[in-house]
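Data block for coords_22.txt (compact mmCIF, C-alpha atoms):
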# COMPACT_ATOMS: atom_id res chain seq x y z
CA MET T 282 20.64 -31.45 8.67
CA HIS T 283 16.87 -31.65 8.81
CA HIS T 284 14.85 -29.57 6.38
CA VAL T 285 11.61 -27.72 7.03
CA THR T 286 8.94 -28.65 4.54
CA PRO T 287 6.29 -26.18 3.34
CA VAL T 288 3.25 -26.06 5.60
CA THR T 289 0.10 -26.76 3.61
CA ALA T 290 -2.48 -26.99 6.38
CA ARG T 291 -2.99 -25.70 9.87
CA THR T 292 -0.94 -27.93 12.13
CA SER T 293 -1.91 -29.24 15.54
CA THR T 294 0.07 -27.01 17.88
CA THR T 295 -0.29 -24.97 21.03
CA ALA T 296 1.13 -21.94 19.23
CA ALA T 297 -0.36 -18.54 19.93
CA THR T 298 -2.62 -16.95 17.37
CA VAL T 299 -2.04 -13.59 15.74
CA THR T 300 -5.32 -12.42 17.20
CA ALA T 301 -4.25 -13.37 20.73
CA LEU T 302 -0.87 -11.66 20.36
CA LEU T 303 -2.44 -8.45 19.10
CA SER T 304 -4.95 -8.63 21.93
CA ASP T 305 -2.02 -8.58 24.37
CA ILE T 306 -1.01 -5.12 23.13
CA ALA T 307 -4.45 -3.71 22.37
CA ALA T 308 -4.30 -1.27 25.29
CA THR T 309 -0.77 -0.04 24.55
CA GLY T 310 -0.54 3.43 23.08
CA THR T 311 -4.24 4.13 22.65
CA ASP T 312 -4.89 7.76 21.74
CA PRO T 313 -7.96 9.22 23.48
CA LEU T 314 -7.79 12.43 21.43
CA ARG T 315 -7.30 11.11 17.90
CA GLY T 316 -8.62 7.61 18.37
CA GLY T 317 -6.57 4.59 17.34
CA TYR T 318 -2.95 4.39 18.45
CA THR T 319 -0.05 6.80 18.79
CA ARG T 320 3.18 4.84 19.21
CA SER T 321 6.04 7.08 18.11
CA VAL T 322 9.54 5.62 18.24
CA TYR T 323 11.05 5.50 21.75
CA SER T 324 7.83 6.75 23.31
CA THR T 325 6.58 4.91 26.39
CA ALA T 326 4.12 3.01 24.22
CA GLU T 327 6.69 1.92 21.66
CA LEU T 328 9.18 0.94 24.35
CA ASP T 329 6.47 -1.18 25.99
CA LEU T 330 5.86 -2.89 22.65
CA ARG T 331 9.60 -3.56 22.28
CA THR T 332 9.60 -5.18 25.72
CA TRP T 333 6.56 -7.24 24.72
CA PHE T 334 8.29 -8.45 21.57
CA ILE T 335 11.51 -9.34 23.37
CA ASP T 336 9.50 -11.30 25.93
CA GLN T 337 7.58 -13.17 23.21
CA ALA T 338 10.77 -13.95 21.29
CA THR T 339 12.56 -15.14 24.43
CA LYS T 340 9.65 -17.43 25.30
CA ARG T 341 10.16 -19.06 21.91
CA GLY T 342 13.82 -19.72 22.61
CA LEU T 343 15.01 -17.07 20.15
CA SER T 344 18.25 -15.20 20.74
CA VAL T 345 17.47 -11.47 20.98
CA GLU T 346 19.87 -8.66 20.09
CA THR T 347 19.55 -4.95 19.34
CA ASP T 348 21.88 -3.60 16.65
CA ARG T 349 23.65 -0.26 16.69
CA ASN T 350 20.78 1.40 14.76
CA GLY T 351 18.09 0.27 17.19
CA THR T 352 16.65 -2.64 15.21
CA ILE T 353 15.75 -5.67 17.35
CA TRP T 354 16.77 -9.09 15.98
CA ALA T 355 15.33 -12.33 17.32
CA TRP T 356 17.31 -15.29 15.94
CA TRP T 357 16.32 -18.91 15.45
CA ASP T 358 19.81 -20.26 14.90
CA THR T 359 21.03 -23.40 13.18
CA PRO T 360 23.04 -25.83 15.33
CA GLY T 361 26.35 -24.50 14.02
CA GLY T 362 25.43 -20.90 14.82
CA ASP T 363 26.42 -19.65 11.36
CA ARG T 364 24.16 -16.71 10.42
CA SER T 365 25.31 -16.30 6.83
CA ASN T 366 22.62 -16.47 4.14
CA SER T 367 19.97 -15.99 6.82
CA LEU T 368 16.26 -15.71 6.17
CA VAL T 369 14.65 -12.65 7.77
CA THR T 370 11.07 -11.56 8.31
CA GLY T 371 9.49 -8.89 10.51
CA SER T 372 8.13 -5.35 10.40
CA HIS T 373 7.79 -2.42 12.85
CA LEU T 374 5.93 -1.45 16.02
CA ASP T 375 5.73 2.35 15.79
CA SER T 376 2.68 4.11 14.35
CA VAL T 377 1.54 7.36 12.82
CA PRO T 378 -0.40 9.64 15.19
CA GLY T 379 -3.85 8.12 15.62
CA GLY T 380 -2.98 5.11 13.49
CA GLY T 381 -4.57 1.69 13.27
CA ALA T 382 -3.84 -1.46 15.24
CA PHE T 383 -2.35 -3.49 12.37
CA ASP T 384 0.14 -1.33 10.46
CA GLY T 385 3.41 -2.85 11.70
CA PRO T 386 2.31 -5.02 14.63
CA LEU T 387 0.45 -7.43 12.30
CA GLY T 388 3.74 -8.30 10.61
CA VAL T 389 5.55 -8.75 13.91
CA ALA T 390 2.82 -10.92 15.47
CA SER T 391 2.50 -12.96 12.26
CA ALA T 392 6.25 -13.57 12.26
CA LEU T 393 6.09 -14.92 15.81
CA VAL T 394 3.23 -17.26 14.89
CA ALA T 395 5.03 -18.33 11.71
CA VAL T 396 8.02 -19.34 13.83
CA ASP T 397 5.66 -21.37 16.05
CA ILE T 398 4.30 -23.15 12.98
CA LEU T 399 7.75 -23.87 11.58
CA LYS T 400 9.05 -25.11 14.92
CA ALA T 401 6.08 -27.48 15.18
CA GLN T 402 7.15 -28.97 11.84
CA ASN T 403 10.82 -29.25 12.72
CA PRO T 404 12.69 -27.89 15.77
CA ILE T 405 15.96 -27.58 13.82
CA PRO T 406 16.00 -24.94 11.06
CA ALA T 407 17.82 -25.73 7.84
CA ARG T 408 18.71 -22.05 7.53
CA PRO T 409 19.07 -19.34 10.20
CA LEU T 410 15.86 -17.34 10.58
CA ALA T 411 15.43 -13.96 12.25
CA ILE T 412 12.54 -11.66 13.09
CA ALA T 413 13.56 -8.01 12.72
CA VAL T 414 11.70 -5.11 14.32
CA PHE T 415 12.76 -1.84 12.68
CA PRO T 416 12.44 1.50 14.52
CA GLU T 417 10.85 4.71 13.17
CA GLU T 418 9.30 3.10 10.09
CA GLU T 419 6.56 5.72 9.97
CA GLY T 420 8.86 8.70 10.46
CA SER T 421 6.25 10.25 12.75
CA ARG T 422 8.75 11.47 15.33
CA PHE T 423 11.85 12.49 13.38
CA GLY T 424 10.34 13.07 9.94
CA VAL T 425 12.20 10.39 7.97
CA ALA T 426 10.29 7.22 7.19
CA CYS T 427 12.08 3.87 7.59
CA LEU T 428 14.88 5.54 9.53
CA GLY T 429 16.17 2.29 11.06
CA SER T 430 16.45 0.47 7.73
CA ARG T 431 17.81 3.60 6.03
CA LEU T 432 20.60 3.77 8.60
CA MET T 433 21.34 0.07 8.25
CA THR T 434 21.59 0.26 4.45
CA GLY T 435 23.41 3.59 4.29
CA ALA T 436 20.42 5.27 2.60
CA ILE T 437 20.70 8.22 4.99
CA ASP T 438 23.86 9.99 6.12
CA PRO T 439 24.50 9.27 9.83
CA ASN T 440 25.25 12.95 10.51
CA LYS T 441 21.90 13.96 9.04
CA ALA T 442 20.20 11.29 11.15
CA ARG T 443 21.95 12.35 14.35
CA ASN T 444 20.74 15.92 13.86
CA LEU T 445 17.10 15.12 13.06
CA ARG T 446 14.78 16.75 15.59
CA ASP T 447 11.41 15.71 16.95
CA PRO T 448 8.56 18.22 17.50
CA ASP T 449 9.90 18.96 21.00
CA GLY T 450 13.35 19.85 19.66
CA ASN T 451 15.13 16.68 20.80
CA THR T 452 17.75 15.36 18.40
CA PHE T 453 17.74 11.76 17.29
CA ALA T 454 21.25 11.47 18.74
CA ASP T 455 20.00 12.50 22.18
CA ILE T 456 16.98 10.20 22.10
CA ALA T 457 19.03 7.30 20.77
CA HIS T 458 21.60 7.78 23.53
CA ALA T 459 18.86 7.92 26.17
CA ASN T 460 17.63 4.56 24.90
CA GLY T 461 20.89 2.69 25.06
CA LEU T 462 22.40 3.37 21.63
CA ASP T 463 25.72 5.07 20.97
CA PRO T 464 24.92 7.63 18.24
CA ARG T 465 28.58 7.72 17.20
CA TYR T 466 28.19 4.26 15.68
CA ILE T 467 24.87 4.51 13.86
CA GLY T 468 25.03 3.95 10.10
CA LYS T 469 25.48 1.34 7.42
CA ASP T 470 26.01 -2.17 8.78
CA GLU T 471 27.90 -4.04 6.08
CA GLN T 472 28.36 -7.18 8.16
CA LEU T 473 24.69 -7.51 9.04
CA LEU T 474 23.56 -6.75 5.49
CA GLY T 475 25.96 -9.34 4.16
CA SER T 476 24.43 -12.02 6.36
CA ILE T 477 20.89 -11.59 4.99
CA GLY T 478 20.03 -13.92 2.13
CA ALA T 479 16.38 -12.85 1.83
CA PHE T 480 13.85 -10.64 3.61
CA VAL T 481 10.09 -11.29 3.54
CA GLU T 482 7.81 -8.73 5.19
CA LEU T 483 4.14 -9.33 5.94
CA HIS T 484 1.99 -6.21 6.17
CA VAL T 485 -1.65 -5.20 6.26
CA GLU T 486 -2.70 -3.98 2.83
CA GLN T 487 -3.09 -0.22 2.75
CA GLY T 488 -5.71 -0.04 0.04
CA ARG T 489 -8.56 -1.91 -1.65
CA GLY T 490 -6.75 -4.34 -3.94
CA LEU T 491 -7.64 -7.47 -1.99
CA ILE T 492 -11.17 -6.28 -1.31
CA ASP T 493 -11.79 -5.93 -5.04
CA LEU T 494 -10.19 -9.33 -5.75
CA ASP T 495 -11.98 -11.02 -2.82
CA ARG T 496 -8.74 -12.65 -1.66
CA PRO T 497 -7.24 -12.75 1.85
CA ILE T 498 -3.56 -12.37 0.88
CA ALA T 499 -1.39 -11.10 -1.98
CA ILE T 500 2.26 -10.96 -2.99
CA ALA T 501 3.79 -7.54 -3.64
CA SER T 502 5.30 -6.62 -6.99
CA SER T 503 6.46 -3.05 -6.39
CA ILE T 504 6.25 0.09 -4.26
CA LEU T 505 5.47 3.43 -5.87
CA GLY T 506 8.27 5.99 -5.77
CA HIS T 507 7.61 8.60 -3.13
CA GLY T 508 9.18 11.42 -1.20
CA ARG T 509 8.61 14.02 1.49
CA TRP T 510 9.30 17.73 1.26
CA ARG T 511 8.98 20.58 3.75
CA LEU T 512 7.71 23.93 2.50
CA SER T 513 8.53 26.89 4.75
CA ILE T 514 6.65 30.10 3.95
CA GLN T 515 7.97 33.32 5.44
CA GLY T 516 5.59 36.25 5.87
CA GLN T 517 5.10 39.11 8.29
CA GLY T 518 3.83 38.32 11.77
CA ASN T 519 1.43 40.94 13.05
CA HIS T 520 -1.66 41.76 15.16
CA ALA T 521 -4.92 40.22 13.94
CA GLY T 522 -6.96 43.23 15.07
CA THR T 523 -4.86 46.17 13.94
CA THR T 524 -3.48 45.01 10.59
CA LEU T 525 -5.69 45.87 7.62
CA MET T 526 -6.33 43.10 5.13
CA ALA T 527 -4.62 45.06 2.37
CA ASP T 528 -1.47 45.43 4.50
CA ARG T 529 -0.97 41.75 5.28
CA LYS T 530 1.75 39.36 4.19
CA ASP T 531 0.05 36.29 5.60
CA PRO T 532 1.86 32.97 5.11
CA MET T 533 -1.26 31.06 6.19
CA VAL T 534 -3.18 32.42 3.21
CA ALA T 535 -0.27 31.50 0.94
CA ALA T 536 -0.12 28.02 2.46
CA SER T 537 -3.85 27.45 1.96
CA ARG T 538 -3.59 28.43 -1.70
CA MET T 539 -0.59 26.14 -2.13
CA VAL T 540 -2.44 23.16 -0.64
CA ILE T 541 -5.27 23.63 -3.16
CA GLY T 542 -2.70 24.02 -5.92
CA ILE T 543 -1.00 20.79 -4.88
CA ARG T 544 -4.31 18.93 -5.04
CA ASP T 545 -5.04 20.33 -8.51
CA ALA T 546 -1.54 19.50 -9.80
CA ALA T 547 -1.83 15.90 -8.63
CA ARG T 548 -5.31 15.52 -10.09
CA SER T 549 -3.99 16.58 -13.49
CA GLN T 550 -1.48 13.71 -13.52
CA SER T 551 -2.78 10.14 -13.89
CA HIS T 552 -1.90 7.81 -10.97
CA ALA T 553 -0.28 10.62 -8.95
CA ARG T 554 -0.85 11.13 -5.22
CA ALA T 555 0.04 14.34 -3.40
CA THR T 556 -0.83 14.97 0.24
CA VAL T 557 -0.39 17.69 2.83
CA GLY T 558 -1.09 16.04 6.16
CA ARG T 559 0.75 18.34 8.55
CA LEU T 560 0.79 22.15 8.79
CA GLN T 561 2.42 24.22 11.52
CA PRO T 562 1.89 27.99 11.90
CA ILE T 563 4.41 29.97 13.91
CA PRO T 564 3.77 31.29 16.52
CA GLY T 565 0.31 29.70 16.27
CA GLY T 566 -1.82 32.19 18.26
CA THR T 567 -5.52 32.61 17.53
CA ASN T 568 -5.26 36.41 17.33
CA VAL T 569 -1.87 36.49 15.60
CA ILE T 570 -1.03 36.66 11.91
CA ALA T 571 1.60 33.95 11.54
CA SER T 572 5.15 34.99 10.74
CA ARG T 573 5.92 31.61 9.20
CA VAL T 574 4.04 28.50 8.17
CA ASP T 575 5.67 25.12 7.60
CA PHE T 576 3.88 22.26 5.92
CA TRP T 577 4.93 18.85 4.73
CA LEU T 578 4.24 17.40 1.29
CA ASP T 579 4.07 13.72 0.35
CA VAL T 580 4.18 12.90 -3.40
CA ARG T 581 3.94 9.43 -5.00
CA HIS T 582 3.81 8.04 -8.56
CA PRO T 583 4.84 4.76 -10.24
CA ASP T 584 7.24 6.62 -12.57
CA ASP T 585 10.11 8.43 -10.84
CA ALA T 586 10.49 10.99 -13.64
CA THR T 587 6.82 11.90 -13.28
CA THR T 588 7.26 12.29 -9.52
CA ALA T 589 10.18 14.67 -10.09
CA ALA T 590 8.23 16.68 -12.69
CA LEU T 591 5.20 16.95 -10.41
CA VAL T 592 7.33 18.15 -7.50
CA GLN T 593 8.93 20.76 -9.77
CA THR T 594 5.49 21.93 -10.89
CA ILE T 595 4.40 22.25 -7.26
CA HIS T 596 7.58 24.16 -6.43
CA ASN T 597 7.10 26.63 -9.29
CA LYS T 598 3.45 27.18 -8.47
CA SER T 599 4.26 27.69 -4.79
CA GLN T 600 6.88 30.32 -5.62
CA LEU T 601 4.32 32.23 -7.66
CA ILE T 602 1.66 32.05 -4.94
CA ALA T 603 4.14 33.18 -2.28
CA ALA T 604 5.13 36.21 -4.35
CA GLU T 605 1.49 37.14 -4.93
CA GLU T 606 0.91 37.11 -1.16
CA GLY T 607 4.03 39.14 -0.38
CA CYS T 608 5.78 36.09 1.11
CA THR T 609 8.71 33.82 0.26
CA VAL T 610 8.81 30.03 0.25
CA GLU T 611 11.63 27.53 0.63
CA MET T 612 11.15 23.88 -0.34
CA THR T 613 13.45 21.25 1.20
CA GLU T 614 13.60 17.55 0.35
CA GLU T 615 13.51 15.43 3.52
CA SER T 616 13.42 11.97 1.95
CA LEU T 617 13.09 10.41 -1.49
CA SER T 618 12.62 6.75 -2.37
CA PRO T 619 12.56 5.61 -6.01
CA THR T 620 10.06 3.07 -7.28
CA VAL T 621 10.93 -0.38 -5.93
CA HIS T 622 10.49 -3.56 -7.94
CA PHE T 623 10.85 -6.53 -5.62
CA ASP T 624 13.25 -9.37 -6.43
CA ILE T 625 11.60 -11.34 -9.25
CA GLY T 626 13.28 -14.63 -8.31
CA LEU T 627 12.04 -14.37 -4.74
CA GLN T 628 8.61 -13.31 -5.97
CA ASN T 629 8.45 -16.42 -8.17
CA GLN T 630 9.38 -18.63 -5.21
CA LEU T 631 6.60 -17.09 -3.14
CA GLN T 632 4.14 -17.62 -5.99
CA GLN T 633 4.98 -21.32 -5.99
CA ALA T 634 4.45 -21.49 -2.23
CA LEU T 635 1.27 -19.38 -2.36
CA PRO T 636 -0.28 -20.22 -5.75
CA ASP T 637 -3.65 -18.61 -4.97
CA ALA T 638 -2.17 -15.24 -4.00
CA PRO T 639 -2.54 -12.46 -6.60
CA ILE T 640 0.24 -9.97 -7.36
CA LEU T 641 -0.31 -6.36 -6.26
CA ASP T 642 1.70 -3.15 -6.19
CA THR T 643 1.37 -0.63 -3.37
CA GLY T 644 1.63 3.09 -2.84
CA ALA T 645 2.86 2.69 0.74
CA GLY T 646 6.53 2.64 1.69
CA HIS T 647 8.04 -0.17 3.77
CA ASP T 648 11.37 -1.26 5.25
CA ALA T 649 11.38 -4.03 2.63
CA GLY T 650 11.58 -1.34 -0.04
CA VAL T 651 14.60 0.29 1.63
CA LEU T 652 16.39 -3.06 1.89
CA SER T 653 15.60 -4.08 -1.69
CA PRO T 654 18.62 -2.50 -3.47
CA LEU T 655 20.98 -4.56 -1.27
CA VAL T 656 18.99 -7.66 -0.24
CA PRO T 657 16.49 -9.87 -2.13
CA THR T 658 13.15 -8.78 -0.68
CA ALA T 659 9.49 -9.74 -0.97
CA MET T 660 6.23 -8.80 0.73
CA VAL T 661 2.96 -10.50 1.61
CA PHE T 662 -0.16 -8.36 2.09
CA VAL T 663 -3.16 -9.28 4.24
CA ARG T 664 -6.63 -8.03 3.37
CA ASN T 665 -7.93 -4.89 5.06
CA PRO T 666 -11.75 -4.99 4.73
CA SER T 667 -12.07 -1.26 5.40
CA GLY T 668 -9.56 -0.33 2.70
CA VAL T 669 -8.43 2.40 5.13
CA SER T 670 -4.99 2.69 6.74
CA HIS T 671 -3.12 5.22 8.90
CA SER T 672 -6.46 5.57 10.67
CA PRO T 673 -8.39 3.89 13.50
CA GLU T 674 -10.64 2.40 10.79
CA GLU T 675 -7.84 0.12 9.59
CA HIS T 676 -8.89 -3.48 10.16
CA VAL T 677 -8.04 -7.14 9.62
CA LEU T 678 -10.49 -9.98 10.21
CA ASP T 679 -9.32 -12.59 12.72
CA GLU T 680 -9.61 -15.31 10.09
CA ASP T 681 -7.50 -13.35 7.60
CA ALA T 682 -4.85 -12.65 10.25
CA GLU T 683 -4.39 -16.39 10.81
CA ILE T 684 -4.40 -17.10 7.06
CA GLY T 685 -1.69 -14.46 6.71
CA ALA T 686 0.52 -16.05 9.38
CA GLN T 687 0.05 -19.46 7.77
CA ALA T 688 0.96 -17.98 4.38
CA LEU T 689 4.08 -16.40 5.87
CA ALA T 690 5.06 -19.76 7.36
CA ASP T 691 4.50 -21.41 3.97
CA ALA T 692 6.60 -18.77 2.26
CA LEU T 693 9.45 -19.05 4.76
CA ALA T 694 9.33 -22.85 4.68
CA SER T 695 9.68 -22.77 0.89
CA LEU T 696 12.85 -20.70 1.29
CA MET T 697 14.41 -22.85 4.00
CA ASN T 698 15.81 -25.48 1.64
I'd like the structure from this file rewritten - as structure tokens, please.
Amino acid sequence: MHHVTPVTARTSTTAATVTALLSDIAATGTDPLRGGYTRSVYSTAELDLRTWFIDQATKRGLSVETDRNGTIWAWWDTPGGDRSNSLVTGSHLDSVPGGGAFDGPLGVASALVAVDILKAQNPIPARPLAIAVFPEEEGSRFGVACLGSRLMTGAIDPNKARNLRDPDGNTFADIAHANGLDPRYIGKDEQLLGSIGAFVELHVEQGRGLIDLDRPIAIASSILGHGRWRLSIQGQGNHAGTTLMADRKDPMVAASRMVIGIRDAARSQSHARATVGRLQPIPGGTNVIASRVDFWLDVRHPDDATTAALVQTIHNKSQLIAAEEGCTVEMTEESLSPTVHFDIGLQNQLQQALPDAPILDTGAGHDAGVLSPLVPTAMVFVRNPSGVSHSPEEHVLDEDAEIGAQALADALASLMN
């Protein structure tokens, strides 16, 4: 059996570049209203990106499969075809509404280029390697982030997943079925999980850590604990012109006070983040006092107990505000992920392969974090010179994109033996 040695310099190869691959999909899913990209799971744009990835993987001689939860796997198999103790990399292709070009696709394109680099070193892998493309990482369509990896690991109940609804009222079961999956069989995949020996995800950094350190790449240490909650405020719908101000039970007023209260509660707690990024009045008419307002809360903190305490504070304060406005409020947890500390042994191996890469934590969730309780996982971050993510302003320099792919190849090569 031949072994792949770590790549220490750019090799002479006809491999594609990350920049060229991303250029191929630059027109897919552009959002003329918000700017950037809107590529929700199983939308036309995301399906086009899936086709693009399958085509790119097939061109590289990889064996492509889609599992029962909708994750695409592109395998570079060993001669014997044994996929036990496999090495996996990859990311996602879906986006938030109006997102940037790199969140997700950078990791997928870099994985393809890393395979090119490794194949140029040795056409026979010493260990099976796969690129995984997980669906619904952002949770922008069905409200649960990392849905594909959560299903695979059993982190979400399949019945709950089947009954998730998108903004148009479609269930995940219906959309999954329309896209070739059998929703009866979604859920934890023990066999597939058992075959993964390590997972390394490359991702654009969603912050300023690498800017401040003046480095192109970093290795992840942890992901802040975070969760999503829906607050539903019930008031009294009425006519905007005939209802006196003193007679109103307006859930929009209650919601606005709650949003300010959430900001103040998070500011009072060191290292906390709390965000309301989506608010939906019902029925939503310009001349109508809403009967109900739903909004979604995202809370993050390095300490899980602090996250729980902050959410409880927000809940208590929201109940008080609702009562003062003559309304009621119900708070429902939609997802919760504890703080993730990546596998220290794998992190040490990556540090040996990438000795100049600093160690950073992140406040952004990833599929690697969902896999981490069951599979040794690690992450590599690539510098974002804007420091902005989930926005059209998200950016990666061409040079840093290629450095990132080379670093991923180095990291994977170091794990091949």
Original post:
Which value, in Å to one decimal, gives the distance between atom CA of T:Val369 and atom CA of T:Ile412?
Top reply: 5.8 Å
Original post:
Which is closer to T:Leu525 than all the others in T:Ile570, T:Cys427, T:Leu652, T:Leu387, using all atoms listed in the file?
Top reply: T:Ile570
Subject >> Best match for closeness to T:Thr298 among T:Leu328, T:Leu462, T:Val396, T:Leu368, counting only C-alpha atoms >> reply: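 Closest to T:Thr298, using only C-alpha atoms: T:Val396.
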Original post:
Which polymer residues have any atom within 12 Å of an atom of T:Ile306, counting only C-alpha atoms, with same-chain residues fewer than 3 positions away left out, as a PyMOL selection string?
Top reply: chain T and resi 299-303+309-311+318+320+326-334+337+374+382-383+386-387+389-390
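The closest residue to T:Ala459, picked from T:Thr588, T:Gln402, T:Gln628, T:Ser324 and counting all atoms listed in the file, is T:Ser324.
For stretch 671-673 of chain T, the set of protein, DNA and RNA residues having any atom at most 10 Å away, when counting all atoms listed in the file and skipping those fewer than 6 positions along the same chain, is Asp312, Arg315, Gly316, Gly317, Tyr318, Ser376, Val377, Pro378, Gly379, Gly380, Gly381, Ala382, Phe383, Asp384, Glu419 and Gln487 of chain T.
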Produce a file of the selected residues containing C-alpha atoms, as a compact mmCIF listing (two decimals), in the coordinates of the input.
# COMPACT_ATOMS: atom_id res chain seq x y z
CA ASP T 312 -4.89 7.76 21.74
CA ARG T 315 -7.30 11.11 17.90
CA GLY T 316 -8.62 7.61 18.37
CA GLY T 317 -6.57 4.59 17.34
CA TYR T 318 -2.95 4.39 18.45
CA SER T 376 2.68 4.11 14.35
CA VAL T 377 1.54 7.36 12.82
CA PRO T 378 -0.40 9.64 15.19
CA GLY T 379 -3.85 8.12 15.62
CA GLY T 380 -2.98 5.11 13.49
CA GLY T 381 -4.57 1.69 13.27
CA ALA T 382 -3.84 -1.46 15.24
CA PHE T 383 -2.35 -3.49 12.37
CA ASP T 384 0.14 -1.33 10.46
CA GLU T 419 6.56 5.72 9.97
CA GLN T 487 -3.09 -0.22 2.75
